Every structure is written in structure tokens, then in C-alpha cells.
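*Asks:* Structure in C-alpha cells, see below.
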Amino acid sequence: MAEKVTYQLMIRDLPEELRPRERLLREGPASLSDVELLAILLRTGTHRESALQLAQRLLTTVGGLRYLREKSFEELSAIPGIGPAKVAQIQSALELGRRLASLHPEERPRITSPRDVVNRWMPRLRFEQQEHLVVLLLNTKNEILAEEVVFVGTLDSSLAHPREIFRTAIRRSSAALILVHNHPSGDPTPSAEDLQITRRMAQAGEILGIEVLDHIILGDQRYRSLREEGVLPLKGHSL
């Protein structure tokens, strides 16, 4: 009697759009199932199973994701195909998730006036020899979600493109943003280029629903707020 031959489908045999790692990079981790996320942690399967199949068997054996953390190192290591290295990867990931869940909400700095921005960025940019364009991303309470240097060099409208500014703002679900840049000369008087860039960003923000609250230009212990000077009239969101 001929021996029955079975073939296992490995992850590398799947179309690229179905591979867990490629899907995570393309669509984000939230789009993946528990099995797919666990397969990425396991990295490899066995000579009989793909990482996906091993992940599915592991979850079935322990009773689901909820019970995975309750299993000891020894219990997980006893499951065929799950050696000490894989157990260490799984338990490290679970512990990181537990620690993240136990963190208290972080106090976010809140911007209430241009002076708040100046106090944060004047010490950092005052003596820079090149212009730095910084974006502060804010939520609906004017709390800082992120601060990012998006450009270094001579600032002009052809280089400071709205897509560079708003890419991060969209990713962070920002309600508003503030632009900051320095003048190495020490004179914060806005140039024609500064005004053009400001209006261009404001127009892009209006289309995207992310208001540009201010553009603050820093000099040597001096600053200019284009909101205070009427270049950026407020439409809803305010400092």
C-alpha cells in the first residue's frame, strides 16, 4: 500500500497580500487576527506546520488568547513545536502588553498661548545655524500629541510642502497644529516666503479639517506670532 503523502502550505507559499507580516506593514496591526499576530511573534513553524498553523494550534491548546498569559513557561514549552525561545518571545510580548495597560494616563503639555510654544522651543532653536521647521500636533484640548522637526535648511515654499506637514498630523488624528521655525539671523521678522508658506499651510489644513493655529518665528530671545499679527485668523479652534 502506497504511503500517503501530505503537503503543508508554508507562509512563503501564500500570496504576498495574505502573509501576516506584509499585511501588518500594509494595513496596520489592528487588521490582523489573533492567530496572525501570534504567528508573527513565533516567526517560524515546524517542518510539518507553518507559523500560522502552529499559532492556531497553540491558541486551541491553551483555550484562546485570554488564557495564554496564564500558562507557565513549562506548560507552554511542553506543547510540541513551542520551544523555550518561542515561549520567551510570547511571554515578553504579553508582559509588555500588561505593563502598557497598567500605565496611568500621561499628563500632556497644553498650549494656551504663543508664549507656551516659545518657552518650549526657544532654548532648542535659539543658537541653531540653520532654519528648523517644527510642527506641534494638538488634540481638541490643545494638548500636545507630538512635536516633530520636519525640515532643516533654507525654508522656502517649494521645499516646505504641505504633505510633509500633514502626513504626521493625519496619522496622529490631530485636531490642529502649530508651526514653529527659527531665523538664525536672530531677527524674527517674517519674510515674504514665511507668509506664503503660512497661507499655503492654512489652506491645506482647511481642506483636511486640521486647523493651523499659529506660525511662530523665533529669533534671538524674540518672536513673532502670525496669529497675533492677523495672518492666521482663527475660525473655530483657539488658543
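Simple scheme: letters A, B, ... for chains in C-alpha cells order, numbers from 1 for residues in each chain, numbers from 1 for ligands in the order shown.
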Quick one: everything within 9 Å of Ile82 in chain A, counting only C-alpha atoms, minus sequence neighbours fewer than 3 positions away in the same chain. Send it as a PyMOL selection string.

*Replies:* chain A and resi 42+45+54+58+76-79+85-87

*Asks:* Atoms to include: C-alpha atoms. Write the selected residues as a PDB file, in the first residue's frame.

*Replies:*
```
ATOM      1  CA  LEU A  42       6.528  32.860  16.592  1.00  0.00           C
ATOM      2  CA  GLY A  45       6.713  26.989  12.279  1.00  0.00           C
ATOM      3  CA  LEU A  54       1.374  26.476  14.790  1.00  0.00           C
ATOM      4  CA  LEU A  58      -1.255  26.872  20.253  1.00  0.00           C
ATOM      5  CA  LEU A  76       3.957  26.299  27.038  1.00  0.00           C
ATOM      6  CA  SER A  77       7.301  24.603  26.427  1.00  0.00           C
ATOM      7  CA  ALA A  78       5.568  21.221  26.648  1.00  0.00           C
ATOM      8  CA  ILE A  79       3.441  21.993  23.607  1.00  0.00           C
ATOM      9  CA  ALA A  85      12.850  30.630  22.542  1.00  0.00           C
ATOM     10  CA  LYS A  86       9.249  30.880  21.296  1.00  0.00           C
ATOM     11  CA  VAL A  87       7.894  30.843  24.842  1.00  0.00           C
TER      12      VAL A  87
END
```

*Asks:* Between CA of Thr154 in chain A and CA of Glu131 in chain A, what is the distance, to one decimal in Å?

*Replies:*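 So the answer is 5.9 Å.
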
*Asks:* Quick one: residues within 9 Å of range 34-36 of chain A, only C-alpha atoms, excluding same-chain residues fewer than 4 positions away - as a compact mmCIF listing (two decimals) with C-alpha atoms, in the first residue's frame?

*Replies:*
```txt
# COMPACT_ATOMS: atom_id res chain seq x y z
CA ARG A 19 1.14 36.98 4.52
CA PRO A 20 0.73 38.29 8.08
CA ARG A 21 3.90 40.38 8.19
CA ILE A 40 4.46 36.94 13.57
CA LEU A 41 5.71 36.53 17.15
CA ALA A 51 3.82 29.57 11.70
CA LEU A 52 0.11 30.25 11.11
CA GLN A 53 -0.83 26.65 11.70
CA LEU A 54 1.37 26.48 14.79
CA ALA A 55 -0.19 29.65 16.16
CA GLN A 56 -3.69 28.27 15.57
CA LEU A 59 -4.34 29.01 20.83
CA LEU A 65 -5.74 34.25 23.72
```

*Asks:* Of the candidates A:Gly83, A:Pro123, A:Pro162, A:Pro109, which shows the shortest atom-to-atom distance to Ile210 in chain A, using only C-alpha atoms?

*Replies:*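 Comparing A:Gly83, A:Pro123, A:Pro162, A:Pro109 against Ile210 in chain A, the winner is A:Pro162.
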
*Asks:* Write out as number ranges by chain all residues of range 52-102 of chain A that backbone DSSP assigns to helix (DSSP H, G or I).

*Replies:* A: 52-62, 65-68, 73-77, 84-102

*Asks:* Could you save the residues just selected, with N, CA and C atoms, as a compact mmCIF listing (two decimals), in the first residue's frame?

*Replies:*
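again_34.txt, written as the output of this step:
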```
# COMPACT_ATOMS: atom_id res chain seq x y z
N LEU A 52 1.54 30.04 10.93
CA LEU A 52 0.11 30.25 11.11
C LEU A 52 -0.57 29.03 11.70
N GLN A 53 -0.23 27.88 11.20
CA GLN A 53 -0.83 26.65 11.70
C GLN A 53 -0.39 26.38 13.15
N LEU A 54 0.87 26.66 13.43
CA LEU A 54 1.37 26.48 14.79
C LEU A 54 0.68 27.44 15.75
N ALA A 55 0.49 28.67 15.32
CA ALA A 55 -0.19 29.65 16.16
C ALA A 55 -1.64 29.24 16.43
N GLN A 56 -2.31 28.73 15.40
CA GLN A 56 -3.69 28.27 15.57
C GLN A 56 -3.76 27.10 16.55
N ARG A 57 -2.83 26.17 16.44
CA ARG A 57 -2.82 25.01 17.34
C ARG A 57 -2.51 25.44 18.78
N LEU A 58 -1.60 26.39 18.92
CA LEU A 58 -1.25 26.87 20.25
C LEU A 58 -2.46 27.50 20.94
N LEU A 59 -3.18 28.36 20.23
CA LEU A 59 -4.34 29.01 20.83
C LEU A 59 -5.44 28.00 21.14
N THR A 60 -5.61 27.04 20.27
CA THR A 60 -6.61 25.99 20.52
C THR A 60 -6.25 25.19 21.76
N THR A 61 -4.96 24.87 21.90
CA THR A 61 -4.49 24.05 23.03
C THR A 61 -4.70 24.75 24.37
N VAL A 62 -4.41 26.04 24.44
CA VAL A 62 -4.50 26.77 25.71
C VAL A 62 -5.90 27.31 25.98
N LEU A 65 -6.69 33.21 23.35
CA LEU A 65 -5.74 34.25 23.72
C LEU A 65 -5.84 34.64 25.19
N ARG A 66 -7.06 34.67 25.71
CA ARG A 66 -7.28 35.09 27.10
C ARG A 66 -6.48 34.24 28.09
N TYR A 67 -6.30 32.95 27.77
CA TYR A 67 -5.66 32.04 28.72
C TYR A 67 -4.17 31.85 28.45
N LEU A 68 -3.68 32.49 27.38
CA LEU A 68 -2.28 32.28 27.02
C LEU A 68 -1.34 32.80 28.11
N PHE A 73 5.84 28.92 31.88
CA PHE A 73 6.90 28.64 30.91
C PHE A 73 6.93 27.15 30.60
N GLU A 74 6.84 26.33 31.65
CA GLU A 74 6.92 24.88 31.47
C GLU A 74 5.73 24.35 30.68
N GLU A 75 4.54 24.88 30.96
CA GLU A 75 3.35 24.41 30.26
C GLU A 75 3.42 24.73 28.77
N LEU A 76 3.86 25.93 28.45
CA LEU A 76 3.96 26.30 27.04
C LEU A 76 5.07 25.53 26.33
N SER A 77 6.18 25.34 27.04
CA SER A 77 7.30 24.60 26.43
C SER A 77 6.95 23.16 26.13
N PRO A 84 11.70 26.79 24.09
CA PRO A 84 11.99 27.88 25.03
C PRO A 84 12.09 29.25 24.38
N ALA A 85 12.70 29.33 23.20
CA ALA A 85 12.85 30.63 22.54
C ALA A 85 11.49 31.22 22.18
N LYS A 86 10.58 30.40 21.66
CA LYS A 86 9.25 30.88 21.30
C LYS A 86 8.45 31.27 22.53
N VAL A 87 8.59 30.50 23.60
CA VAL A 87 7.89 30.84 24.84
C VAL A 87 8.38 32.19 25.36
N ALA A 88 9.70 32.41 25.31
CA ALA A 88 10.27 33.69 25.77
C ALA A 88 9.71 34.85 24.95
N GLN A 89 9.57 34.69 23.64
CA GLN A 89 9.02 35.73 22.78
C GLN A 89 7.57 36.03 23.15
N ILE A 90 6.80 34.97 23.34
CA ILE A 90 5.38 35.14 23.67
C ILE A 90 5.22 35.82 25.02
N GLN A 91 5.94 35.34 26.03
CA GLN A 91 5.77 35.90 27.36
C GLN A 91 6.30 37.33 27.46
N SER A 92 7.32 37.65 26.71
CA SER A 92 7.82 39.03 26.68
C SER A 92 6.78 39.97 26.09
N ALA A 93 6.15 39.55 24.99
CA ALA A 93 5.12 40.38 24.36
C ALA A 93 3.92 40.56 25.28
N LEU A 94 3.50 39.49 25.95
CA LEU A 94 2.37 39.58 26.87
C LEU A 94 2.68 40.49 28.04
N GLU A 95 3.91 40.43 28.55
CA GLU A 95 4.28 41.28 29.68
C GLU A 95 4.33 42.75 29.27
N LEU A 96 4.82 43.04 28.07
CA LEU A 96 4.81 44.41 27.59
C LEU A 96 3.37 44.93 27.48
N GLY A 97 2.47 44.10 26.98
CA GLY A 97 1.07 44.49 26.89
C GLY A 97 0.47 44.75 28.27
N ARG A 98 0.82 43.90 29.24
CA ARG A 98 0.30 44.09 30.61
C ARG A 98 0.80 45.39 31.19
N ARG A 99 2.08 45.69 31.00
CA ARG A 99 2.64 46.93 31.54
C ARG A 99 2.02 48.15 30.89
N LEU A 100 1.80 48.08 29.58
CA LEU A 100 1.18 49.19 28.88
C LEU A 100 -0.23 49.45 29.40
N ALA A 101 -0.98 48.37 29.63
CA ALA A 101 -2.35 48.51 30.11
C ALA A 101 -2.41 49.10 31.52
N SER A 102 -1.34 48.91 32.30
CA SER A 102 -1.35 49.39 33.68
C SER A 102 -0.84 50.82 33.83
```

*Asks:* Which residues come within 12 Å of Glu107 in chain A, counting only C-alpha atoms, excluding same-chain residues fewer than 4 positions away, as JSON, numbers by chain?

*Replies:* {"A": [103, 143, 144, 145]}

*Asks:* With a distance cut-off of 12 Å and only C-alpha atoms, select the neighbouring residues of range 193-200 of chain A, excluding the residue or stretch itself and same-chain residues fewer than 5 positions from it, and output the selection as a ChimeraX atom specification.

*Replies:* /A:131,133,154-163,165,177-183,188,205-207,211-217,224-227,229-233

*Asks:* Name all residues at most 9 Å from Asp220 in chain A (count only C-alpha atoms; drop same-chain ones fewer than 4 positions away) and give them as a ChimeraX atom specification.

*Replies:* /A:122,126-127,182-188

*Asks:* Go ahead and save the residues from that selection, with C-alpha atoms, as a CSV table (one decimal), in the first residue's frame.

*Replies:*
```csv
chain,number,residue,atom,x,y,z
A,122,MET,CA,13.4,79.0,22.0
A,126,ARG,CA,17.9,80.0,19.5
A,127,PHE,CA,21.5,79.2,18.5
A,182,ASN,CA,13.8,79.9,13.7
A,183,HIS,CA,15.7,82.7,11.9
A,184,PRO,CA,19.4,82.1,12.5
A,185,SER,CA,20.0,85.9,12.0
A,186,GLY,CA,18.2,86.5,15.3
A,187,ASP,CA,15.6,88.7,13.7
A,188,PRO,CA,12.1,87.1,13.8
```

*Asks:* Mind pulling up the distance from CA of Glu148 in chain A to CA of Ala169 in chain A?

*Replies:*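 Atom-to-atom, CA of Ala169 in chain A and CA of Glu148 in chain A are spaced 10.2 Å apart.
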
*Asks:* Could you pull out the residues in range 107-226 of chain A that DSSP calls strand (DSSP E) from the backbone, as JSON, numbers by chain?

*Replies:* {"A": [132, 133, 134, 135, 136, 137, 138, 144, 145, 146, 147, 148, 149, 150, 151, 152, 176, 177, 178, 179, 180, 181, 182, 211, 212, 213, 214, 215, 216, 217, 218, 223, 224, 225]}

*Asks:* Given the selection you just returned, output its residues as a file containing C-alpha atoms, formatted as a JSON list (two decimals), in the first residue's frame.

*Replies:*
```json
[["chain", "number", "residue", "atom", "x", "y", "z"],
["A", 132, "HIS", "CA", 14.40, 74.32, 11.51],
["A", 133, "LEU", "CA", 10.71, 73.92, 10.77],
["A", 134, "VAL", "CA", 8.87, 72.25, 13.65],
["A", 135, "VAL", "CA", 5.25, 71.11, 13.83],
["A", 136, "LEU", "CA", 3.35, 70.75, 17.11],
["A", 137, "LEU", "CA", 0.37, 68.44, 16.77],
["A", 138, "LEU", "CA", -2.55, 69.16, 19.10],
["A", 144, "ILE", "CA", 0.48, 68.24, 22.54],
["A", 145, "LEU", "CA", 0.22, 64.86, 20.83],
["A", 146, "ALA", "CA", 3.65, 65.10, 19.22],
["A", 147, "GLU", "CA", 6.39, 67.54, 18.21],
["A", 148, "GLU", "CA", 8.45, 66.89, 15.12],
["A", 149, "VAL", "CA", 11.21, 68.65, 13.21],
["A", 150, "VAL", "CA", 10.02, 68.25, 9.63],
["A", 151, "PHE", "CA", 12.62, 70.29, 7.78],
["A", 152, "VAL", "CA", 16.15, 71.63, 8.26],
["A", 176, "ALA", "CA", -4.93, 71.33, 14.97],
["A", 177, "LEU", "CA", -1.27, 72.16, 14.62],
["A", 178, "ILE", "CA", 1.21, 74.97, 15.23],
["A", 179, "LEU", "CA", 4.20, 75.70, 13.02],
["A", 180, "VAL", "CA", 7.45, 76.96, 14.52],
["A", 181, "HIS", "CA", 10.65, 77.94, 12.79],
["A", 182, "ASN", "CA", 13.76, 79.89, 13.68],
["A", 211, "GLU", "CA", -6.55, 73.99, 11.57],
["A", 212, "VAL", "CA", -3.19, 75.75, 11.54],
["A", 213, "LEU", "CA", -3.48, 77.73, 14.78],
["A", 214, "ASP", "CA", -0.27, 79.69, 14.53],
["A", 215, "HIS", "CA", 3.10, 80.04, 12.87],
["A", 216, "ILE", "CA", 5.65, 81.28, 15.36],
["A", 217, "ILE", "CA", 9.00, 82.61, 14.17],
["A", 218, "LEU", "CA", 11.83, 82.56, 16.69],
["A", 223, "TYR", "CA", 9.49, 86.00, 18.44],
["A", 224, "ARG", "CA", 6.64, 86.86, 16.11],
["A", 225, "SER", "CA", 3.26, 85.13, 16.17]]
```

*Asks:* One decimal, Å: what's the distance from CA of Gln129 in chain A over to CA of Thr189 in chain A, could you say?

*Replies:*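 We find that CA of Gln129 in chain A and CA of Thr189 in chain A lie 16.8 Å from each other.
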
*Asks:* I need the residue nearest Leu38 in chain A from this list: A:Ile170, A:Gly64, A:Gln203, A:Arg26. Use only C-alpha atoms for the distance.

*Replies:*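 So, comparing all the options, the nearest one is A:Gly64.
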